[in-house]
Every structure is written in C-alpha cells, then in structure tokens.
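S.K.: Have a look at this one before I ask anything.
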Amino acid sequence: MKRRAVLLAVCATAALGKGAADAESAQGPARPDVLLITVDTLRPDALGWAGGAHPTPAIDRLAAEGFRFPAAVAPVPLTLPSHAALMTGWWPRRLGLQENGQVVPAAVPTLAEAFRAAGYARAAFVSGSPLESPYGLDRGFERYDDDFRRRRGGERERAASDTAAAFTAWLRSAKSPWFAWVHFYDPHHPYEPPQRHRREGKRGGYDGEVAFVDEAVGTLLEALRARDAPRLTVFAGDHGESLGEHGEGTHGFFIYDSTVLVPLLFHFPGRITPGASAMPARLVDVAPTVLRLLGLPALPGELDGVSIDRQLAGGPARPEPAYLETQQPWLSYGWSPLRAVRHGGFKLIEAPRPELYDLRADPSETHDLIAANPAKAAELRGLLERAESRPASAARAVDDPQALERLRALGYVGGASQGAPPPPASGLRDPKDGAELRALLTEGDQLLRSGRPAAALVPLERALARDPDNRFALQRTAAALAESGRLPRALGLLQRLVRLDPRSAEARAALAATLVRAKQPGASVEHWREAARLQPRRADVWADLGAALGLSGREPEAAEALAEAVRLEPTRPDLLIKLALAQAGARRPADAVATLLRAAERTGAEAFPQSAALGILLAETNRPEEARSWLRRARPQEGDFPEARFRLAQLEAQAGRQPEARAALAEALRATPSLRARASADPRLRDLLP
C-alpha cells in the first residue's frame with residue numbers, strides 16, 4: 001500500500017510538471033485571476049454577515065456579492081495542518097501533519113502547483129510563523145513572502161496592514177492570470193488590535209483584531225478595483241477560537257465547534273449567483289472546488305475533498321462527513337488525542353469518555369447524548385473508522401534524502417522516522433479531566449512569557465509533580481529553570497522530554513540549546529542533527545548545528561552545516577557572516593573573504609558589523625588595498641578591532657605612510673596594551689611605538 005501511494009504521488013507530481021510546460025504557451029490573459037484570502041483563528045460570529053455583533057464592512061460586502069457558508073468545517077484547529085488541508089484536499093492525518101512545525105509531504109500536489117501547471121503567475125503573502133516556507137506550503141509559488149519583522153507572544157508575525165501592502169505592491173506589476181494567497185494572522189492570541197479598532201466587552205480585543213483584518217481586506221479589494229480582469233475570490237478562516245467555551249481559552253486542545261467552525265465564501269461575478277447555505281462545507285473541499293470552477297484539471301491522487309460547485313450553482317446540499325481531530329493533548333501533554341466525525345447534524349467525539357451531540361438542537365454542545373442514542377453513535381463511529389482507514393501519504397519531508405545525505409556527511413547515523421510516536425490504545429487521561437492541570441500550566445507559561453521565571457516555577461512545578469510525563473510541563477519548567485540559572489535540573493527534564501518524544505524537533509532543539517548554554521556544545525550536536533533532519537528547511541536549525549560544531553572544535557563540519565543554512569536563506573547577512581567565520585576557522589580564508597563580501601553587499605559597507613574580520617582576511621590573502629579600506633572601517637565594538645588596527649598599522653607602514661601607521665598602532669595599543677610585544681618584534685612598527 002505504501003509503495004502504491006508513493007508511485008501515485010510521484011506520477012501526480014510529474015503530471016503537474018508536464019502540464020506546466022504545456023500551459024506556458026497557452027493564451028492566459030482571458031482566464032480569471034484567483035485570490036485566496038485566509039484569516040487565522042476566525043470565528044464566523046466575528047463577521048457581520050455571519051451574525052456577528054459588529055459589522056465588518058469589506059468582508060460583508062464581498063459576502064453579499066458571493067456565495068456564503070457561515071458554518072464550514074476545519075479538520076484540525078491548528079494553522080499549518082488546516083491550511084495544508086485547504087491547499088491539497090487531503091485530511092491532515094493522511095499528510096502526517098499533527099501539529100504546527102511539521103512539514104507538508106513534498107510528493108502531495110498542492111493548489112499552487114496546479115496553477116503553475118495552468119500557466120498562472122503565483123504569489124503568497126503569509127503573516128504567521130506556522131506558515132513560514134520551511135514547512136512546505138511555499139511549493140508551487142514563484143514568490144512566497146514570509147518576511148516577518150515583529151515578534152508577539154513568542155511567535156513571529158506580520159500585521160495585516162503590512163501584509164496587505166506587500167500584496168498591493170506585487171499587484172501593480174502582476175500579469176494576469178495570477179493566483180495569489182493572502183493570509184492574515186492578527187486575530188490570533190494575544191489580542192492587541194490598534195486602539196481605533198478595539199471593541200467593548202469581554203471579547204473586545206478579539207473582535208478588534210478582526211476589524212483590523214477587515215480594514216486590510218478592504219485595502220486588497222480597493223487595489224483590485226482598478227483591474228478589469230475576471231476574478232474568483234475565496235475567503236476562509238483556517239480554524240475558530242474558543243473564547244471560554246468548554247473551559248478552553250484559545251484553540252488546538254478540543255474539537256468542539258467553537259474551534260472548528262469557520263466562515264467560507266466564494267465570490268465570482270457572472271459565474272456564481274449570490275446566496276448562502278447552512279451546509280457544513282469543508283476546507284478540504286476548497287482546492288477541488290476552485291479547480292472545477294475554473295475548468296482546470298483536478299489534483300491527482302486520492303483526495304478527501306470533493307468539489308461543491310453544484311451547491312454554488314444552487315444545487316441540493318449533499319454534505320460529506322467531516323473528519324476532525326486534534327493530537328495536541330497527546331503531543332503536548334501526553335493525554336488522549338481527540339477524533340471526531342460530524343455528519344447529518346450530529347457529532348461524535350472519540351475520547352476515553354466519548355461524546356455525542358445533536359448539533360441542530362444543541363449547537364453549544366452541552367448535552368451529551370452518548371448514553372441516550374447508541375445507534376447514532378455507532379453509525380457515526382462507522383464513518384469515523386472509514387475515514388481513518390484511508391491510506392496516509394507514504395512520503396514525508398523528514399525523510400528528505402538530500403538532507404539525510406548532508407547530515408550523514410556531518411556524522412549523522414540515525415534512521416529515518418515519520419511523525420511522532422503513536423499514543424497507546426488506552427490508559428491515557430481524557431482531556432476533559434485536565435482542566436485544573438491546564439490552568440496551572442497556563443498560569444506558569446504566562447508568567448514565563450512575561451519575564452518572571454522564578455514565579456512561573458511555582459505553578460509549573462505543581463503541575464509537573466502531579467503529571468511527571470506531561471510534555472508541556474517538562475518543556476516550560478525546564479525553560480523557567482534555565483532562565484533562573486538552574487541548568488543541571490533543566491537538562492534532566494529536557495532529557496526526559498526527548499526520551500518521551502524523540503521525534504519532536506522542538507524537544508531536540510530545546511535540549512540542544514540548553515546543552516550549549518551549559519557549555520556542553522559537543523553533547524548538543526546529536527540533537528541539533530536530529531532537529532535538522534526533522535525540519536530540514538529551517539535555516540536557523542542548521543546554523544545552530546554549525547555553531548555547536550564550531551564550539552566543539554570541528555570547524556570544517558561547522559562550515560558545511562552553515563553552508564546549508566545559507567543555501568536555504570541565501571540573502572540573510574547574519575548567516576553569511578557565521579558561515580564566513582566558520583570558513584576562516586576551517587582554514588579557508590579565500591572562501592571566507594568571498595562570503596563576507598556577499599554579506600557586506602547585503603547590509604551596505606557602512607552598516608557591516610564585521611569590517612575588522614573582513615579586513616584581516618583580505619590582508620591574509622594578499623589583497624592589501626581592499627584590506628586597508630575595510631580595516632579603516634572597523635569599529636571599537638567589533639571583537640577584532642585591536643587586531644584590525646594592528647594590521648592597518650602594518651599595511652600603512654609598508655606603504656610608507658608613517659603618520660597613518662603611527663595613529664593606527666596607537667589605537668591598537670590603547671585597546672590591547674599587550675600588542676606592544678608584537679610591535680617591538682616587527683621591524684615595520686618598532687620605530688613607531690610611542
């Protein structure tokens with residue numbers, strides 16, 4: 001079965017590639033442009049058109065002219081898995097995506113690849129760290145803009161206004177037909193909208209962030225009014241947000257409707273008549289529907305999604321069963337995961353104590369009917385088992401052969417593995433029973449994030465004492481201990497965490513970073529290697545691996561790891577500088593010079609922070625005129641400043657510029673008086689000593 005899945009995926013990718021070649025010569029300008037707008041953490045009741053308390057004028061106007069599904073269903077209440085389902089038509093469980101931070105399998109075709117095959121220009125503008133390019137949704141796009149400059153709540157993100165500006169700048173030169181994906185992250189916790197958008201009441205911050213996104217959507221639509229090309233616009237939330245329902249503060253932990261219902265609408269003037277349906281359309285249906293509406297070939301393979309184009313044309317609603325899951329209770333806490341199926345107005349949630357709800361009579365899911373209606377539970381359990389019997393993708397990005405080859409060159413001897421270890425069939429805590437523990441962990445996490453590690457340890461240690469194998473408690477307690485300088489115990493907790501979940505990139509990275517902090521870089525190398533295997537496109541992980549190798553005295557290997565980081569993100573000056581220093585340590589001065597010159601070109605000479613190192617290396621490679629220029633630029637705050645001034649004095653003296661040489665030597669001696677001995681032994685400098 002696995003071999004067949006691999007062959008299907010390879011053939012599918014090849015078919016898309018052939019289509020791309022055929023489509024490049026096709027006449028495309030008359031074909032419609034396609035705009036996909038996704039909004040993170042978006043409840044339907046935050047939008048005016050879906051019954052919200054506050055109007056959202058731009059989105060409401062788009063909805064009034066399109067076909068609306070106010071109660072569509074997300075498969076997982078997490079950003080990356082849900083977006084991957086939307087872009088591929090596959091359930092996240094089949095993709096092997098259980099949480100943010102994993103990687104979309106490279107062999108599963110995406111919507112962007114389908115548009116590439118059709119000859120479309122393709123650009124994406126995403127706003128939150130779970131969708132950064134290393135996680136794989138950039139595949140098929142010509143431009144994937146994930147340029148984040150703001151960090152909030154521990155995550156990188158970009159404000160909606162900045163994302164809208166990036167899209168509109170691209171739009172000015174975009175040639176039709178194009179496919180653009182614009183993702184807004186702002187409704188995500190913590191809720192910190194601009195003051196002008198803040199609303200009253202308990203959810204005022206959340207609704208204010210939705211208002212901010214609505215303003216940004218208005219910016220997009222205004223920019224598009226100047227273009228007269230036909231356009232299909234799809235608008236969707238990726239998952240909802242629990243604002244206290246069922247004791248959940250945000251999302252990811254439970255799969256009640258507060259976190260899995262999302263708004264979905266299709267806007268296609270002249271092709272889709274405005275209307276609405278209460279049918280629970282699914283995010284996995286978006287990709288097949290878009291391609292069907294445009295008359296493009298369907299994504300190959302065994303999709304879970306189906307086209308709902310007939311419902312958009314006013315046809316009868318025939319909703320498919322919606323499969324739901326969250327692995328977060330297992331992956332973060334070691335508790336039971338949750339799976340559910342939603343069909344025919346009922347929902348079954350499989351847990352140690354299963355739940356059944358009649359969603360029409362009880363939309364808040366407060367009256368459990370599992371004992372009263374066993375026949376309905378059995379019917380839905382059959383649908384659940386059918387969904388889970390579908391084969392998973394046999395290809396995983398963690399088994400990237402090129403990444404494995406590069407890691408083996410650096411001494412990696414581990415075997416390939418896929419995903420996290422499966423939970424046991426029974427004996428796990430029901431997430432419904434963990435409210436008190438979660439409250440302690442949330443309190444500790446918030447204290448830690450606010451810079452109070454000692455205070456955070458009080459609730460975190462209480463939770464850990466009651467639940468010793470809780471992964472979240474282990475990781476956050478270890479972080480608080482490390483911040484408090486208690487590294488030995490922090491390392492002990494992180495080692496236990498890695499034993500519990502050896503295939504967690506985050507656990508490996510946390511242990512590795514703490515080992516480096518404890519001055520044990522050699523011991524950290526194996527964990528950085530495994531983190532790089534699990535997340536092979538994260539440049540920072542390769543850079544950290546390189547730094548650990550360098551600190552361990554393994555400079556040639558350090559240079560190889562840092563070269564991979566630069567290959568992944570070739571325009572980052574900080575990575576170029578780290579690579580150059582590793583190359584210098586590996587006795588490759590010419591390579592180091594070339595790399596530092598690339599970095600200087602990216603930053604500009606005046607802002608370059610390693611002028612001293614570059615000048616010294618240029619001098620060592622017999623390029624005195626270039627060396628002199630960079631040595632003069634060296635600043636006192638640079639670590640190599642004294643040596644740079646000493647080398648400058650030598651070059652100036654060699655060129656017969658005695659006053660300049662004397663001044664440079666005086667600066668070197670003021671910074672490091674011990675250089676006097678070297679100057680006394682140098683015939684060029686001996687007579688210049690003060």
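Following the order of the structure tokens, chains are lettered A, B, ..., residues in each are numbered from 1, and ligands are numbered from 1.
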Quick one: residues within 12 Å of Gly66 in chain A, only C-alpha atoms counted, chain neighbours fewer than 4 positions away excluded, as a PDB file with C-alpha atoms, in the first residue's frame?

M.R.:
ATOM      1  CA  TRP A  49     -22.601  38.791   7.532  1.00  0.00           C
ATOM      2  CA  ILE A  59     -15.809  41.271   4.136  1.00  0.00           C
ATOM      3  CA  ASP A  60     -19.577  41.802   4.431  1.00  0.00           C
ATOM      4  CA  ARG A  61     -19.644  43.477   1.011  1.00  0.00           C
ATOM      5  CA  LEU A  62     -17.682  40.606  -0.538  1.00  0.00           C
ATOM      6  CA  ARG A 231     -11.566  37.175 -10.726  1.00  0.00           C
ATOM      7  CA  LEU A 232     -12.557  34.340  -8.417  1.00  0.00           C
ATOM      8  CA  THR A 233     -12.118  35.282  -4.764  1.00  0.00           C
ATOM      9  CA  VAL A 234     -12.249  32.686  -1.997  1.00  0.00           C
ATOM     10  CA  PHE A 235     -12.363  33.793   1.639  1.00  0.00           C
ATOM     11  CA  LEU A 264     -16.175  30.272   3.848  1.00  0.00           C
ATOM     12  CA  LEU A 265     -17.325  32.201   0.796  1.00  0.00           C
ATOM     13  CA  PHE A 266     -16.838  32.153  -2.982  1.00  0.00           C
ATOM     14  CA  HIS A 267     -17.095  35.388  -4.986  1.00  0.00           C
ATOM     15  CA  PHE A 268     -17.127  35.042  -8.789  1.00  0.00           C
ATOM     16  CA  PRO A 269     -19.234  37.747 -10.505  1.00  0.00           C
ATOM     17  CA  GLY A 270     -21.120  36.450 -13.513  1.00  0.00           C
ATOM     18  CA  ARG A 271     -20.361  32.852 -12.600  1.00  0.00           C
ATOM     19  CA  ILE A 272     -21.655  32.373  -9.045  1.00  0.00           C
ATOM     20  CA  THR A 273     -25.036  33.772  -8.058  1.00  0.00           C
ATOM     21  CA  PRO A 274     -25.026  35.350  -4.582  1.00  0.00           C
ATOM     22  CA  GLY A 275     -26.583  33.127  -1.961  1.00  0.00           C
ATOM     23  CA  ALA A 276     -25.973  31.187   1.221  1.00  0.00           C
ATOM     24  CA  SER A 277     -26.106  27.661   2.551  1.00  0.00           C
ATOM     25  CA  LEU A 312     -22.615  27.040  -5.519  1.00  0.00           C
ATOM     26  CA  ALA A 313     -24.899  26.834  -8.536  1.00  0.00           C
TER      27      ALA A 313
END

S.K.: Using DSSP assignments from the backbone, pull out every residue in range 147-333 of chain A that falls under helix (DSSP H, G or I) and give it to me as a PDB file with C-alpha atoms, in the first residue's frame.

M.R.:
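Below is the file that was written, states_26.pdb:
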ATOM      1  CA  ALA A 160      -2.480  42.730   8.484  1.00  0.00           C
ATOM      2  CA  SER A 161      -1.794  46.213   7.134  1.00  0.00           C
ATOM      3  CA  ASP A 162       1.783  45.256   6.218  1.00  0.00           C
ATOM      4  CA  THR A 163       0.680  42.044   4.520  1.00  0.00           C
ATOM      5  CA  ALA A 164      -1.934  43.946   2.516  1.00  0.00           C
ATOM      6  CA  ALA A 165       0.717  46.473   1.478  1.00  0.00           C
ATOM      7  CA  ALA A 166       3.037  43.676   0.303  1.00  0.00           C
ATOM      8  CA  PHE A 167       0.253  42.208  -1.839  1.00  0.00           C
ATOM      9  CA  THR A 168      -0.775  45.535  -3.367  1.00  0.00           C
ATOM     10  CA  ALA A 169       2.859  46.335  -4.229  1.00  0.00           C
ATOM     11  CA  TRP A 170       3.131  42.998  -6.039  1.00  0.00           C
ATOM     12  CA  LEU A 171      -0.221  43.527  -7.758  1.00  0.00           C
ATOM     13  CA  GLN A 195      -6.775  51.253  19.611  1.00  0.00           C
ATOM     14  CA  ARG A 196      -9.104  52.586  16.920  1.00  0.00           C
ATOM     15  CA  HIS A 197     -10.439  49.064  16.353  1.00  0.00           C
ATOM     16  CA  GLY A 204     -13.364  43.345  22.555  1.00  0.00           C
ATOM     17  CA  GLY A 205      -9.705  42.642  21.829  1.00  0.00           C
ATOM     18  CA  TYR A 206     -10.519  39.665  19.606  1.00  0.00           C
ATOM     19  CA  ASP A 207     -13.274  41.462  17.692  1.00  0.00           C
ATOM     20  CA  GLY A 208     -10.972  44.464  17.354  1.00  0.00           C
ATOM     21  CA  GLU A 209      -8.330  42.344  15.646  1.00  0.00           C
ATOM     22  CA  VAL A 210     -10.969  41.031  13.239  1.00  0.00           C
ATOM     23  CA  ALA A 211     -11.928  44.650  12.483  1.00  0.00           C
ATOM     24  CA  PHE A 212      -8.251  45.377  11.749  1.00  0.00           C
ATOM     25  CA  VAL A 213      -8.168  42.450   9.313  1.00  0.00           C
ATOM     26  CA  ASP A 214     -11.375  43.680   7.693  1.00  0.00           C
ATOM     27  CA  GLU A 215      -9.687  47.017   7.063  1.00  0.00           C
ATOM     28  CA  ALA A 216      -6.784  45.189   5.398  1.00  0.00           C
ATOM     29  CA  VAL A 217      -9.189  43.149   3.255  1.00  0.00           C
ATOM     30  CA  GLY A 218     -10.695  46.466   2.185  1.00  0.00           C
ATOM     31  CA  THR A 219      -7.220  47.561   1.083  1.00  0.00           C
ATOM     32  CA  LEU A 220      -6.893  44.463  -1.090  1.00  0.00           C
ATOM     33  CA  LEU A 221     -10.291  44.898  -2.691  1.00  0.00           C
ATOM     34  CA  GLU A 222      -9.729  48.585  -3.346  1.00  0.00           C
ATOM     35  CA  ALA A 223      -6.460  47.822  -5.134  1.00  0.00           C
ATOM     36  CA  LEU A 224      -8.229  45.201  -7.255  1.00  0.00           C
ATOM     37  CA  GLU A 245     -16.395  27.702  25.755  1.00  0.00           C
ATOM     38  CA  HIS A 246     -15.817  24.298  27.382  1.00  0.00           C
ATOM     39  CA  GLY A 247     -13.091  25.823  29.514  1.00  0.00           C
ATOM     40  CA  ASP A 257     -17.490  23.694  17.180  1.00  0.00           C
ATOM     41  CA  SER A 258     -16.120  26.913  18.690  1.00  0.00           C
ATOM     42  CA  THR A 259     -12.699  25.990  17.293  1.00  0.00           C
ATOM     43  CA  VAL A 260     -13.577  24.072  14.117  1.00  0.00           C
ATOM     44  CA  LEU A 283     -11.913  23.194   3.980  1.00  0.00           C
ATOM     45  CA  VAL A 284     -10.681  20.053   2.175  1.00  0.00           C
ATOM     46  CA  ASP A 285     -13.316  20.858  -0.468  1.00  0.00           C
ATOM     47  CA  VAL A 286     -11.789  24.230  -1.385  1.00  0.00           C
ATOM     48  CA  ALA A 287      -8.992  23.078  -3.728  1.00  0.00           C
ATOM     49  CA  PRO A 288     -11.144  20.696  -5.820  1.00  0.00           C
ATOM     50  CA  THR A 289     -13.922  23.301  -5.999  1.00  0.00           C
ATOM     51  CA  VAL A 290     -11.630  26.088  -7.206  1.00  0.00           C
ATOM     52  CA  LEU A 291     -10.135  23.917  -9.938  1.00  0.00           C
ATOM     53  CA  ARG A 292     -13.573  22.707 -11.041  1.00  0.00           C
ATOM     54  CA  LEU A 293     -14.924  26.272 -11.215  1.00  0.00           C
ATOM     55  CA  LEU A 294     -12.032  27.269 -13.489  1.00  0.00           C
ATOM     56  CA  ASP A 309     -19.521  23.635  -7.401  1.00  0.00           C
ATOM     57  CA  ARG A 310     -23.055  22.259  -7.777  1.00  0.00           C
ATOM     58  CA  GLN A 311     -24.062  23.695  -4.406  1.00  0.00           C
ATOM     59  CA  LEU A 312     -22.615  27.040  -5.519  1.00  0.00           C
ATOM     60  CA  GLN A 328      -2.351  18.385  20.794  1.00  0.00           C
ATOM     61  CA  PRO A 329      -3.488  16.727  24.054  1.00  0.00           C
ATOM     62  CA  TRP A 330      -1.177  13.798  23.256  1.00  0.00           C
ATOM     63  CA  LEU A 331       1.749  15.694  21.751  1.00  0.00           C
ATOM     64  CA  SER A 332       1.821  18.496  24.324  1.00  0.00           C
ATOM     65  CA  TYR A 333       0.552  16.786  27.463  1.00  0.00           C
TER      66      TYR A 333
END

S.K.: Residues at most 12 Å from Leu651 in chain A, counting only C-alpha atoms, excluding those fewer than 2 positions away in the same chain, as an mmCIF file with C-alpha atoms, in the first residue's frame?

M.R.:
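Writing the result to result_0.cif gives the following:
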data_model
loop_
_atom_site.group_PDB
_atom_site.id
_atom_site.type_symbol
_atom_site.label_atom_id
_atom_site.label_comp_id
_atom_site.auth_asym_id
_atom_site.auth_seq_id
_atom_site.Cartn_x
_atom_site.Cartn_y
_atom_site.Cartn_z
ATOM 1 C CA GLY A 615 39.963 43.445 6.525
ATOM 2 C CA ILE A 616 42.127 40.950 8.398
ATOM 3 C CA LEU A 618 41.871 40.351 2.963
ATOM 4 C CA ALA A 619 45.292 41.147 4.386
ATOM 5 C CA GLU A 620 45.984 37.443 4.919
ATOM 6 C CA ASN A 622 47.405 39.331 -0.019
ATOM 7 C CA ARG A 623 44.821 41.939 -1.050
ATOM 8 C CA PRO A 624 46.318 44.950 0.750
ATOM 9 C CA GLU A 625 44.408 47.802 -0.893
ATOM 10 C CA GLU A 626 40.995 46.208 -0.218
ATOM 11 C CA ALA A 627 42.169 45.212 3.253
ATOM 12 C CA ARG A 628 43.162 48.777 4.108
ATOM 13 C CA SER A 629 39.701 50.072 3.194
ATOM 14 C CA LEU A 631 40.394 47.844 8.300
ATOM 15 C CA ARG A 632 39.798 51.576 8.446
ATOM 16 C CA ALA A 644 42.361 45.267 12.754
ATOM 17 C CA ARG A 645 44.153 48.427 13.860
ATOM 18 C CA PHE A 646 47.405 46.496 14.286
ATOM 19 C CA ARG A 647 47.152 45.062 10.760
ATOM 20 C CA LEU A 648 46.272 48.503 9.409
ATOM 21 C CA ALA A 649 49.398 49.913 11.039
ATOM 22 C CA ALA A 653 53.953 51.357 7.354
ATOM 23 C CA GLN A 654 54.672 49.000 4.472
ATOM 24 C CA ALA A 655 53.257 51.603 2.076
ATOM 25 C CA GLY A 656 55.430 54.333 3.629
ATOM 26 C CA ARG A 657 52.569 56.195 5.310
ATOM 27 C CA GLN A 658 54.219 56.602 8.676
ATOM 28 C CA GLU A 660 48.805 56.885 9.439
ATOM 29 C CA ALA A 661 50.660 53.822 10.671
ATOM 30 C CA ARG A 662 51.610 55.510 13.956
ATOM 31 C CA ALA A 664 46.628 53.092 13.858
ATOM 32 C CA LEU A 665 49.227 51.489 16.127
ATOM 33 C CA ARG A 684 57.951 47.866 10.369
ATOM 34 C CA LEU A 685 56.410 49.024 13.640
#

S.K.: In terms of the shortest atom-to-atom distance over only C-alpha atoms, which of A:Pro75, A:Gly344, A:Pro673, A:Pro636 is closest to Trp91 in chain A?

M.R.: A:Pro75

S.K.: What is the distance between CA of Arg572 in chain A and CA of Thr603 in chain A, in Å to one decimal?

M.R.: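 According to the coordinates, CA of Arg572 in chain A and CA of Thr603 in chain A are separated by 9.2 Å.
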